[in-house]
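Data from structure-v9.cif: mmCIF, C-alpha atoms
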```cif
data_start
#
loop_
_atom_site.label_atom_id
_atom_site.label_comp_id
_atom_site.auth_asym_id
_atom_site.auth_seq_id
_atom_site.Cartn_x
_atom_site.Cartn_y
_atom_site.Cartn_z
CA MET A 3 56.99 2.32 17.01
CA ALA A 4 57.17 -1.29 15.77
CA GLU A 5 53.39 -1.48 15.48
CA PHE A 6 53.27 1.76 13.43
CA ILE A 7 55.75 0.33 10.93
CA VAL A 8 53.74 -2.88 10.56
CA LYS A 9 50.50 -0.92 10.21
CA ASP A 10 52.08 1.28 7.55
CA GLU A 11 53.12 -1.77 5.48
CA VAL A 12 49.73 -3.46 5.89
CA THR A 13 47.92 -0.24 4.94
CA LYS A 14 50.06 0.33 1.82
CA SER A 15 49.41 -3.22 0.70
CA TYR A 16 45.68 -3.02 1.56
CA ASN A 17 45.30 0.14 -0.51
CA ARG A 18 46.70 -1.71 -3.53
CA ASN A 19 44.69 -4.89 -2.86
CA PRO A 20 42.02 -4.92 -0.13
CA GLY A 21 41.85 -8.73 -0.31
CA ILE A 22 45.18 -8.85 1.53
CA ALA A 23 43.31 -8.22 4.81
CA ALA A 24 41.62 -11.63 4.62
CA GLY A 25 44.93 -13.21 3.66
CA LEU A 26 46.72 -11.85 6.71
CA VAL A 27 43.94 -12.83 9.14
CA ARG A 28 44.07 -16.36 7.72
CA MET A 29 47.87 -16.42 7.95
CA HIS A 30 47.66 -15.66 11.69
CA PHE A 31 45.07 -18.43 12.15
CA HIS A 32 47.15 -20.97 10.20
CA ASP A 33 50.27 -19.93 12.11
CA CYS A 34 48.72 -20.20 15.57
CA PHE A 35 47.02 -23.56 15.01
CA ILE A 36 50.32 -25.22 14.10
CA ARG A 37 52.95 -25.28 16.88
CA GLY A 38 51.40 -22.12 18.36
CA CYS A 39 51.86 -18.52 17.14
CA ASP A 40 55.54 -18.96 16.29
CA ALA A 41 55.75 -17.81 12.64
CA SER A 42 56.36 -21.40 11.52
CA VAL A 43 54.04 -20.63 8.61
CA LEU A 44 56.61 -18.19 7.19
CA LEU A 45 59.55 -20.59 6.93
CA ASP A 46 60.52 -21.62 3.40
CA SER A 47 60.93 -25.26 2.43
CA THR A 48 64.48 -26.62 2.24
CA PRO A 49 65.90 -29.46 0.11
CA SER A 50 65.31 -31.83 3.04
CA ASN A 51 61.98 -30.47 4.34
CA THR A 52 58.62 -29.39 2.94
CA ALA A 53 57.39 -26.49 5.09
CA GLU A 54 53.82 -25.59 6.10
CA LYS A 55 53.51 -22.91 3.42
CA ASP A 56 53.97 -25.51 0.66
CA SER A 57 51.23 -27.86 1.89
CA PRO A 58 47.93 -28.12 -0.06
CA ALA A 59 46.17 -26.33 2.82
CA ASN A 60 48.33 -23.23 2.26
CA LYS A 61 49.46 -23.27 -1.35
CA PRO A 62 48.39 -21.48 -3.51
CA SER A 63 45.77 -19.89 -1.25
CA LEU A 64 47.85 -18.33 1.55
CA ARG A 65 48.95 -14.79 0.73
CA GLY A 66 50.55 -11.75 2.32
CA PHE A 67 54.08 -13.09 2.82
CA GLU A 68 55.61 -10.04 1.12
CA VAL A 69 53.82 -7.71 3.57
CA ILE A 70 55.51 -9.50 6.49
CA ASP A 71 58.88 -9.45 4.68
CA ASN A 72 58.63 -5.69 4.03
CA ALA A 73 57.68 -4.91 7.63
CA LYS A 74 60.49 -7.13 8.94
CA ALA A 75 63.10 -5.47 6.69
CA ARG A 76 62.11 -2.03 7.98
CA LEU A 77 62.07 -3.18 11.61
CA GLU A 78 65.54 -4.73 11.30
CA GLN A 79 66.84 -1.34 10.14
CA VAL A 80 65.32 0.49 13.11
CA CYS A 81 65.67 -2.03 15.95
CA LYS A 82 67.69 -5.04 14.90
CA GLY A 83 66.80 -8.38 16.47
CA ILE A 84 63.95 -7.07 18.64
CA VAL A 85 60.61 -7.76 16.92
CA SER A 86 59.76 -11.37 16.12
CA CYS A 87 58.13 -12.50 12.91
CA ALA A 88 55.37 -14.07 15.04
CA ASP A 89 54.54 -10.67 16.56
CA ILE A 90 54.55 -9.08 13.10
CA ILE A 91 51.91 -11.57 11.90
CA ALA A 92 49.77 -10.92 15.01
CA PHE A 93 50.02 -7.14 14.52
CA ALA A 94 49.27 -7.45 10.79
CA ALA A 95 46.17 -9.57 11.44
CA ARG A 96 44.85 -6.98 13.88
CA ASP A 97 45.56 -4.15 11.42
CA SER A 98 43.71 -6.12 8.74
CA VAL A 99 40.65 -6.52 10.98
CA GLU A 100 40.64 -2.74 11.53
CA LEU A 101 41.11 -1.90 7.84
CA ALA A 102 38.18 -4.17 6.96
CA GLN A 103 36.02 -2.17 9.43
CA GLY A 104 36.15 -4.63 12.30
CA LEU A 105 36.89 -3.59 15.90
CA GLY A 106 40.52 -2.89 16.77
CA TYR A 107 42.16 -4.55 19.76
CA ASP A 108 45.46 -4.47 21.63
CA VAL A 109 47.89 -7.25 20.73
CA PRO A 110 50.14 -8.47 23.57
CA ALA A 111 53.68 -8.77 22.16
CA GLY A 112 56.67 -10.90 23.16
CA ARG A 113 56.19 -13.99 20.98
CA ARG A 114 59.34 -15.71 19.79
CA ASP A 115 59.89 -17.49 16.49
CA GLY A 116 60.00 -21.28 16.15
CA ARG A 117 62.58 -23.26 14.21
CA ILE A 118 60.37 -26.08 12.86
CA SER A 119 57.84 -26.05 10.03
CA LEU A 120 56.40 -29.32 8.69
CA ALA A 121 53.84 -29.54 5.89
CA SER A 122 52.52 -32.74 7.49
CA ASP A 123 51.29 -30.75 10.53
CA THR A 124 48.72 -28.98 8.36
CA ARG A 125 46.85 -32.27 7.91
CA THR A 126 46.23 -32.73 11.63
CA ASP A 127 46.04 -29.17 12.94
CA LEU A 128 44.09 -27.14 10.35
CA PRO A 129 40.35 -27.66 9.79
CA PRO A 130 39.50 -28.59 6.19
CA PRO A 131 36.37 -26.99 4.66
CA THR A 132 34.65 -30.41 4.86
CA PHE A 133 34.69 -30.62 8.69
CA ASN A 134 31.43 -30.98 10.59
CA VAL A 135 30.55 -29.15 13.80
CA ASN A 136 31.83 -31.92 16.11
CA GLN A 137 35.18 -32.12 14.32
CA LEU A 138 35.52 -28.33 14.46
CA THR A 139 34.62 -28.20 18.15
CA GLN A 140 37.19 -30.90 18.98
CA LEU A 141 39.98 -29.29 16.95
CA PHE A 142 39.40 -25.86 18.51
CA ALA A 143 39.20 -27.42 21.99
CA LYS A 144 42.63 -28.99 21.35
CA LYS A 145 43.89 -25.43 20.90
CA GLY A 146 42.19 -24.21 24.10
CA LEU A 147 39.29 -22.47 22.33
CA THR A 148 35.63 -22.99 23.27
CA GLN A 149 32.82 -23.92 20.91
CA GLU A 150 31.51 -20.36 21.14
CA GLU A 151 34.95 -18.99 20.19
CA MET A 152 35.01 -21.42 17.25
CA VAL A 153 31.68 -20.01 16.01
CA THR A 154 32.93 -16.45 16.61
CA LEU A 155 36.21 -17.01 14.73
CA SER A 156 34.42 -18.77 11.85
CA GLY A 157 32.83 -15.37 11.24
CA ALA A 158 36.17 -14.21 9.83
CA HIS A 159 34.80 -15.85 6.67
CA THR A 160 32.82 -12.62 6.29
CA ILE A 161 35.86 -11.41 4.29
CA GLY A 162 38.01 -13.07 1.67
CA ARG A 163 37.53 -15.55 -1.11
CA SER A 164 37.72 -19.25 -1.76
CA HIS A 165 39.12 -21.36 -4.56
CA CYS A 166 36.45 -23.51 -6.24
CA SER A 167 38.19 -26.70 -5.12
CA ALA A 168 37.30 -26.01 -1.47
CA PHE A 169 33.56 -26.49 -2.04
CA SER A 170 33.04 -28.05 -5.50
CA ASN A 171 32.13 -31.38 -3.86
CA ARG A 172 28.95 -29.64 -2.60
CA LEU A 173 28.01 -28.83 -6.20
CA TYR A 174 28.91 -31.97 -8.14
CA ASN A 175 29.62 -35.05 -6.03
CA PHE A 176 28.25 -34.59 -2.55
CA SER A 177 27.11 -38.12 -1.70
CA ALA A 178 25.93 -41.43 -3.12
CA THR A 179 22.30 -40.26 -2.97
CA SER A 180 22.68 -36.61 -3.99
CA ARG A 181 25.15 -34.95 -6.33
CA GLN A 182 24.35 -31.52 -4.91
CA ASP A 183 24.44 -30.76 -1.19
CA PRO A 184 20.75 -30.56 -0.16
CA SER A 185 21.63 -28.03 2.56
CA LEU A 186 22.77 -25.54 -0.12
CA ASP A 187 20.23 -22.98 -1.38
CA PRO A 188 19.47 -24.13 -4.97
CA SER A 189 19.67 -20.68 -6.57
CA TYR A 190 22.99 -20.02 -4.83
CA ALA A 191 24.19 -23.44 -6.02
CA SER A 192 23.33 -22.45 -9.61
CA PHE A 193 25.29 -19.23 -9.20
CA LEU A 194 28.30 -21.15 -7.85
CA LYS A 195 28.14 -23.66 -10.70
CA ARG A 196 28.43 -20.79 -13.18
CA GLN A 197 31.47 -19.48 -11.32
CA CYS A 198 33.01 -22.95 -10.92
CA PRO A 199 32.16 -25.14 -13.94
CA GLN A 200 32.41 -28.88 -13.31
CA GLY A 201 35.81 -30.38 -14.08
CA ASN A 202 37.47 -26.99 -14.49
CA THR A 203 41.22 -27.18 -13.96
CA ASN A 204 41.83 -23.44 -13.64
CA GLN A 205 43.52 -23.03 -10.24
CA ASN A 206 42.81 -19.29 -10.23
CA LEU A 207 39.00 -19.38 -10.10
CA VAL A 208 37.78 -17.82 -6.84
CA VAL A 209 34.45 -16.71 -5.38
CA PRO A 210 33.79 -14.36 -2.44
CA MET A 211 33.05 -15.99 0.95
CA ASP A 212 30.31 -13.44 1.75
CA PRO A 213 29.02 -12.07 -1.57
CA SER A 214 26.91 -9.29 0.02
CA SER A 215 29.98 -7.50 1.46
CA PRO A 216 33.16 -9.43 0.57
CA GLY A 217 35.55 -6.81 1.93
CA ILE A 218 33.79 -5.78 5.13
CA ILE A 219 33.86 -7.48 8.53
CA ASP A 220 30.16 -7.65 9.32
CA ALA A 221 27.57 -10.24 10.35
CA GLY A 222 26.81 -11.05 6.70
CA TYR A 223 28.48 -14.44 7.15
CA TYR A 224 25.92 -15.48 9.76
CA ASN A 225 23.02 -14.25 7.63
CA ASP A 226 24.45 -16.31 4.75
CA ILE A 227 24.40 -19.43 6.94
CA LEU A 228 20.79 -18.78 7.97
CA ALA A 229 19.87 -18.48 4.28
CA ASN A 230 21.68 -21.78 3.48
CA ARG A 231 24.19 -19.77 1.49
CA ALA A 232 27.34 -20.61 3.40
CA LEU A 233 30.16 -21.61 1.08
CA PHE A 234 31.82 -24.42 3.02
CA THR A 235 30.41 -27.49 4.72
CA SER A 236 32.37 -26.28 7.76
CA ASP A 237 30.31 -23.06 7.73
CA GLN A 238 26.86 -24.52 7.00
CA THR A 239 27.40 -27.25 9.63
CA LEU A 240 27.04 -24.62 12.38
CA LEU A 241 23.25 -24.90 11.89
CA THR A 242 23.21 -28.66 12.59
CA ASN A 243 23.82 -28.33 16.34
CA THR A 244 21.46 -26.60 18.79
CA GLU A 245 24.14 -24.61 20.63
CA THR A 246 26.05 -23.43 17.55
CA ALA A 247 22.84 -22.63 15.63
CA SER A 248 21.73 -20.46 18.53
CA LEU A 249 25.07 -18.59 18.39
CA VAL A 250 24.71 -18.11 14.63
CA ASN A 251 21.29 -16.52 15.23
CA GLN A 252 22.65 -14.36 18.04
CA ASN A 253 25.57 -13.10 15.96
CA ALA A 254 23.31 -12.34 13.00
CA ARG A 255 20.99 -10.33 15.24
CA ASP A 256 23.69 -8.47 17.18
CA PRO A 257 26.61 -7.67 14.87
CA TYR A 258 28.18 -5.28 17.40
CA GLN A 259 28.35 -7.91 20.10
CA TRP A 260 29.85 -10.34 17.57
CA ALA A 261 32.50 -7.79 16.50
CA SER A 262 33.47 -7.41 20.14
CA LYS A 263 33.60 -11.19 20.65
CA LEU A 264 35.74 -11.49 17.50
CA ALA A 265 38.29 -9.02 18.88
CA ASP A 266 38.49 -10.99 22.16
CA ALA A 267 38.76 -14.34 20.37
CA MET A 268 41.53 -13.02 18.10
CA VAL A 269 43.53 -11.96 21.17
CA LYS A 270 43.05 -15.41 22.71
CA MET A 271 43.97 -17.21 19.47
CA GLY A 272 47.08 -15.05 19.29
CA GLN A 273 48.26 -16.52 22.62
CA ILE A 274 48.13 -20.20 21.59
CA GLY A 275 51.39 -22.00 22.35
CA VAL A 276 53.44 -18.81 22.41
CA LEU A 277 57.21 -19.24 22.80
CA THR A 278 58.73 -16.95 25.44
CA GLY A 279 61.89 -16.62 27.50
CA ASN A 280 64.72 -18.59 25.93
CA ALA A 281 62.49 -20.75 23.75
CA GLY A 282 62.74 -20.09 20.03
CA GLU A 283 64.55 -17.06 18.62
CA ILE A 284 64.01 -13.70 16.94
CA ARG A 285 64.48 -14.49 13.26
CA THR A 286 66.48 -12.01 11.19
CA ASN A 287 64.75 -13.10 7.98
CA CYS A 288 61.23 -14.45 8.46
CA ARG A 289 61.74 -17.10 5.78
CA VAL A 290 64.74 -18.89 7.33
CA VAL A 291 65.87 -19.91 10.80
CA ASN A 292 68.89 -18.07 12.17
CA SER A 293 72.12 -19.87 11.36
#
```
Would you encode the structure as structure tokens?
Amino acid sequence: MAEFIVKDEVTKSYNRNPGIAAGLVRMHFHDCFIRGCDASVLLDSTPSNTAEKDSPANKPSLRGFEVIDNAKARLEQVCKGIVSCADIIAFAARDSVELAQGLGYDVPAGRRDGRISLASDTRTDLPPPTFNVNQLTQLFAKKGLTQEEMVTLSGAHTIGRSHCSAFSNRLYNFSATSRQDPSLDPSYASFLKRQCPQGNTNQNLVVPMDPSSPGIIDAGYYNDILANRALFTSDQTLLTNTETASLVNQNARDPYQWASKLADAMVKMGQIGVLTGNAGEIRTNCRVVNS
């Protein structure tokens, strides 16, 4: 019952704006990597505290909050105080994967909601787009995820979009010796420069992560990497290590196996640091802790 209500809200929102699927998958990722999957990402800032959602890593790029709010409001009418905000995010991420033509999977429920959300945590617990393969591997290991699962989950970049600021350093000021990142396909770099002119201050400029099929969960992301057309350093870096490069090749060649690995990795990510028993609470309003 609860899952049907969430799926209905996600579907309504997706039909208006298919990009919301990528937003909700990313919300689940950003939630789980900070204090576990406890819906800390949903808490609003207060006069005395800046919350995760208002950190540069999440604002203005994180989206989908209203989908969670709408699902929560309906659930509170039907079964008050039963379904946590953390479970709603996990369900919504799964529904988004399905709507974007990925493989569905069962989401274990029973998460409880945390009471702490600190913007400062985003600096230590979320990977910036500039990370290299060793930094990514270490961060994911800290969360109990293997290097292979890191490569698998990176493939979620097959959907969604990026603000220019996340990769403009690769176009205009990469290093002391080279203004443009030499590992970036030159014709793709020219395309990106047209989309993201140097020095532009427009915060709303975005480009698709996987231009060949921006709304579909497919292996296009891995083909982009092999063609040196990955958008972020943290994507292209997967070719700089023997093990991860081999996984990129494997995923590009066998999209069905990758889709299956993605479903498994999403389930595992959804179990990071979960609060159960008497820990945490079931929030009434996903934006504020219970009084």
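Taking atom CA of Pro129 of chain A as the reference point, atom CA of Leu194 of chain A is found at 22.3 Å.
In this comparison, which uses all atoms listed in the file, the residue of A:Leu207, A:Met268, A:Ile161, A:Leu26 approaching Ala94 of chain A most closely is A:Leu26.
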### Message
Within 8 Å of (26.3, -11.0, 3.8) (file coordinates; all atoms listed in the file), which protein or nucleic acid residues are there? I'd like them as a PyMOL selection string.
### Response
chain A and resi 160+212-216+220-226
Save the residues we just selected, C-alpha atoms, as a PDB file, in the coordinates of the input?
```pdb
ATOM      1  CA  THR A 160      32.820 -12.620   6.290  1.00  0.00           C
ATOM      2  CA  ASP A 212      30.310 -13.440   1.750  1.00  0.00           C
ATOM      3  CA  PRO A 213      29.020 -12.070  -1.570  1.00  0.00           C
ATOM      4  CA  SER A 214      26.910  -9.290   0.020  1.00  0.00           C
ATOM      5  CA  SER A 215      29.980  -7.500   1.460  1.00  0.00           C
ATOM      6  CA  PRO A 216      33.160  -9.430   0.570  1.00  0.00           C
ATOM      7  CA  ASP A 220      30.160  -7.650   9.320  1.00  0.00           C
ATOM      8  CA  ALA A 221      27.570 -10.240  10.350  1.00  0.00           C
ATOM      9  CA  GLY A 222      26.810 -11.050   6.700  1.00  0.00           C
ATOM     10  CA  TYR A 223      28.480 -14.440   7.150  1.00  0.00           C
ATOM     11  CA  TYR A 224      25.920 -15.480   9.760  1.00  0.00           C
ATOM     12  CA  ASN A 225      23.020 -14.250   7.630  1.00  0.00           C
ATOM     13  CA  ASP A 226      24.450 -16.310   4.750  1.00  0.00           C
TER      14      ASP A 226
END
```
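Atom to atom, atom CA of Val153 of chain A and atom CA of Asp237 of chain A stand 8.9 Å apart.
Of the listed residues (A:Ala254, A:Trp260, A:Val290, A:Asp127), A:Val290 comes nearest to Ala53 of chain A; the distances count only C-alpha atoms.
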### Message
With the PyMOL selection byres ((chain A and resi 73) around 9) as the selection, what would be picked from this file? Answer as a ChimeraX atom specification, please.
### Response
/A:4,7-12,68-72,74-78,90
### Message
Applying 7 Å and all atoms listed in the file, which residues near Gly217 of chain A remain after dropping the ones on its own chain fewer than 3 positions away? List them as JSON, numbers by chain.
### Response
{"A": [21, 102, 161, 162]}
Deliver the residues from the most recent selection as a file, using C-alpha atoms, as a CSV table (one decimal), in the coordinates of the input.
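Printed below is out04.csv as written:
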```
chain,number,residue,atom,x,y,z
A,21,GLY,CA,41.8,-8.7,-0.3
A,102,ALA,CA,38.2,-4.2,7.0
A,161,ILE,CA,35.9,-11.4,4.3
A,162,GLY,CA,38.0,-13.1,1.7
```
### Query
Nearest to Thr148 of chain A among A:Ala41, A:Met29, A:Leu277, A:Ala267, with distances taken over only C-alpha atoms: which residue is it?
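Using only C-alpha atoms, Thr148 of chain A sits closest to A:Ala267.
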## Note on the structure
Between A:Ser98, A:Asn136, A:Thr124, A:Gln273, smallest distance to Thr52 of chain A by all atoms listed in the file belongs to A:Thr124
### Query
Using all atoms listed in the file, which residue out of A:Leu101, A:Gln137, A:Leu44, A:Arg114 lies closest to Asn17 of chain A?
A:Leu101
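Going from atom CA of Asn230 of chain A over to atom CA of Asp183 of chain A, you cover 10.5 Å.
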Residues within 12 Å of (51.2, -19.5, 9.4), file coords, all atoms listed in the file, listed as a CSV table (one decimal) with C-alpha atoms, in the frame of the given file:
```
chain,number,residue,atom,x,y,z
A,25,GLY,CA,44.9,-13.2,3.7
A,26,LEU,CA,46.7,-11.8,6.7
A,27,VAL,CA,43.9,-12.8,9.1
A,28,ARG,CA,44.1,-16.4,7.7
A,29,MET,CA,47.9,-16.4,8.0
A,30,HIS,CA,47.7,-15.7,11.7
A,31,PHE,CA,45.1,-18.4,12.2
A,32,HIS,CA,47.2,-21.0,10.2
A,33,ASP,CA,50.3,-19.9,12.1
A,34,CYS,CA,48.7,-20.2,15.6
A,35,PHE,CA,47.0,-23.6,15.0
A,36,ILE,CA,50.3,-25.2,14.1
A,37,ARG,CA,53.0,-25.3,16.9
A,38,GLY,CA,51.4,-22.1,18.4
A,39,CYS,CA,51.9,-18.5,17.1
A,40,ASP,CA,55.5,-19.0,16.3
A,41,ALA,CA,55.8,-17.8,12.6
A,42,SER,CA,56.4,-21.4,11.5
A,43,VAL,CA,54.0,-20.6,8.6
A,44,LEU,CA,56.6,-18.2,7.2
A,45,LEU,CA,59.6,-20.6,6.9
A,46,ASP,CA,60.5,-21.6,3.4
A,53,ALA,CA,57.4,-26.5,5.1
A,54,GLU,CA,53.8,-25.6,6.1
A,55,LYS,CA,53.5,-22.9,3.4
A,56,ASP,CA,54.0,-25.5,0.7
A,57,SER,CA,51.2,-27.9,1.9
A,59,ALA,CA,46.2,-26.3,2.8
A,60,ASN,CA,48.3,-23.2,2.3
A,61,LYS,CA,49.5,-23.3,-1.4
A,63,SER,CA,45.8,-19.9,-1.2
A,64,LEU,CA,47.8,-18.3,1.6
A,65,ARG,CA,49.0,-14.8,0.7
A,66,GLY,CA,50.6,-11.8,2.3
A,67,PHE,CA,54.1,-13.1,2.8
A,70,ILE,CA,55.5,-9.5,6.5
A,87,CYS,CA,58.1,-12.5,12.9
A,88,ALA,CA,55.4,-14.1,15.0
A,89,ASP,CA,54.5,-10.7,16.6
A,90,ILE,CA,54.6,-9.1,13.1
A,91,ILE,CA,51.9,-11.6,11.9
A,92,ALA,CA,49.8,-10.9,15.0
A,95,ALA,CA,46.2,-9.6,11.4
A,115,ASP,CA,59.9,-17.5,16.5
A,116,GLY,CA,60.0,-21.3,16.2
A,118,ILE,CA,60.4,-26.1,12.9
A,119,SER,CA,57.8,-26.0,10.0
A,120,LEU,CA,56.4,-29.3,8.7
A,121,ALA,CA,53.8,-29.5,5.9
A,123,ASP,CA,51.3,-30.8,10.5
A,124,THR,CA,48.7,-29.0,8.4
A,127,ASP,CA,46.0,-29.2,12.9
A,128,LEU,CA,44.1,-27.1,10.4
A,272,GLY,CA,47.1,-15.0,19.3
A,288,CYS,CA,61.2,-14.4,8.5
A,289,ARG,CA,61.7,-17.1,5.8
```
### Task
Rank A:Met271, A:Leu228, A:Leu233, A:Leu138 by their smallest atom-to-atom distance to Ala247 of chain A, using only C-alpha atoms, and report the top residue only.
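The shortest atom-to-atom distance to Ala247 of chain A comes from A:Leu228.
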### Message
Report as a list in words all protein, DNA and RNA residues lying within 7 Å of segment 173-176 of chain A, evaluated on only C-alpha atoms, omitting residues in the same chain fewer than 5 positions from it.
### Response
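That gives Arg181, Gln182, Asp183, Ala191, Lys195 and Gln200 of chain A.
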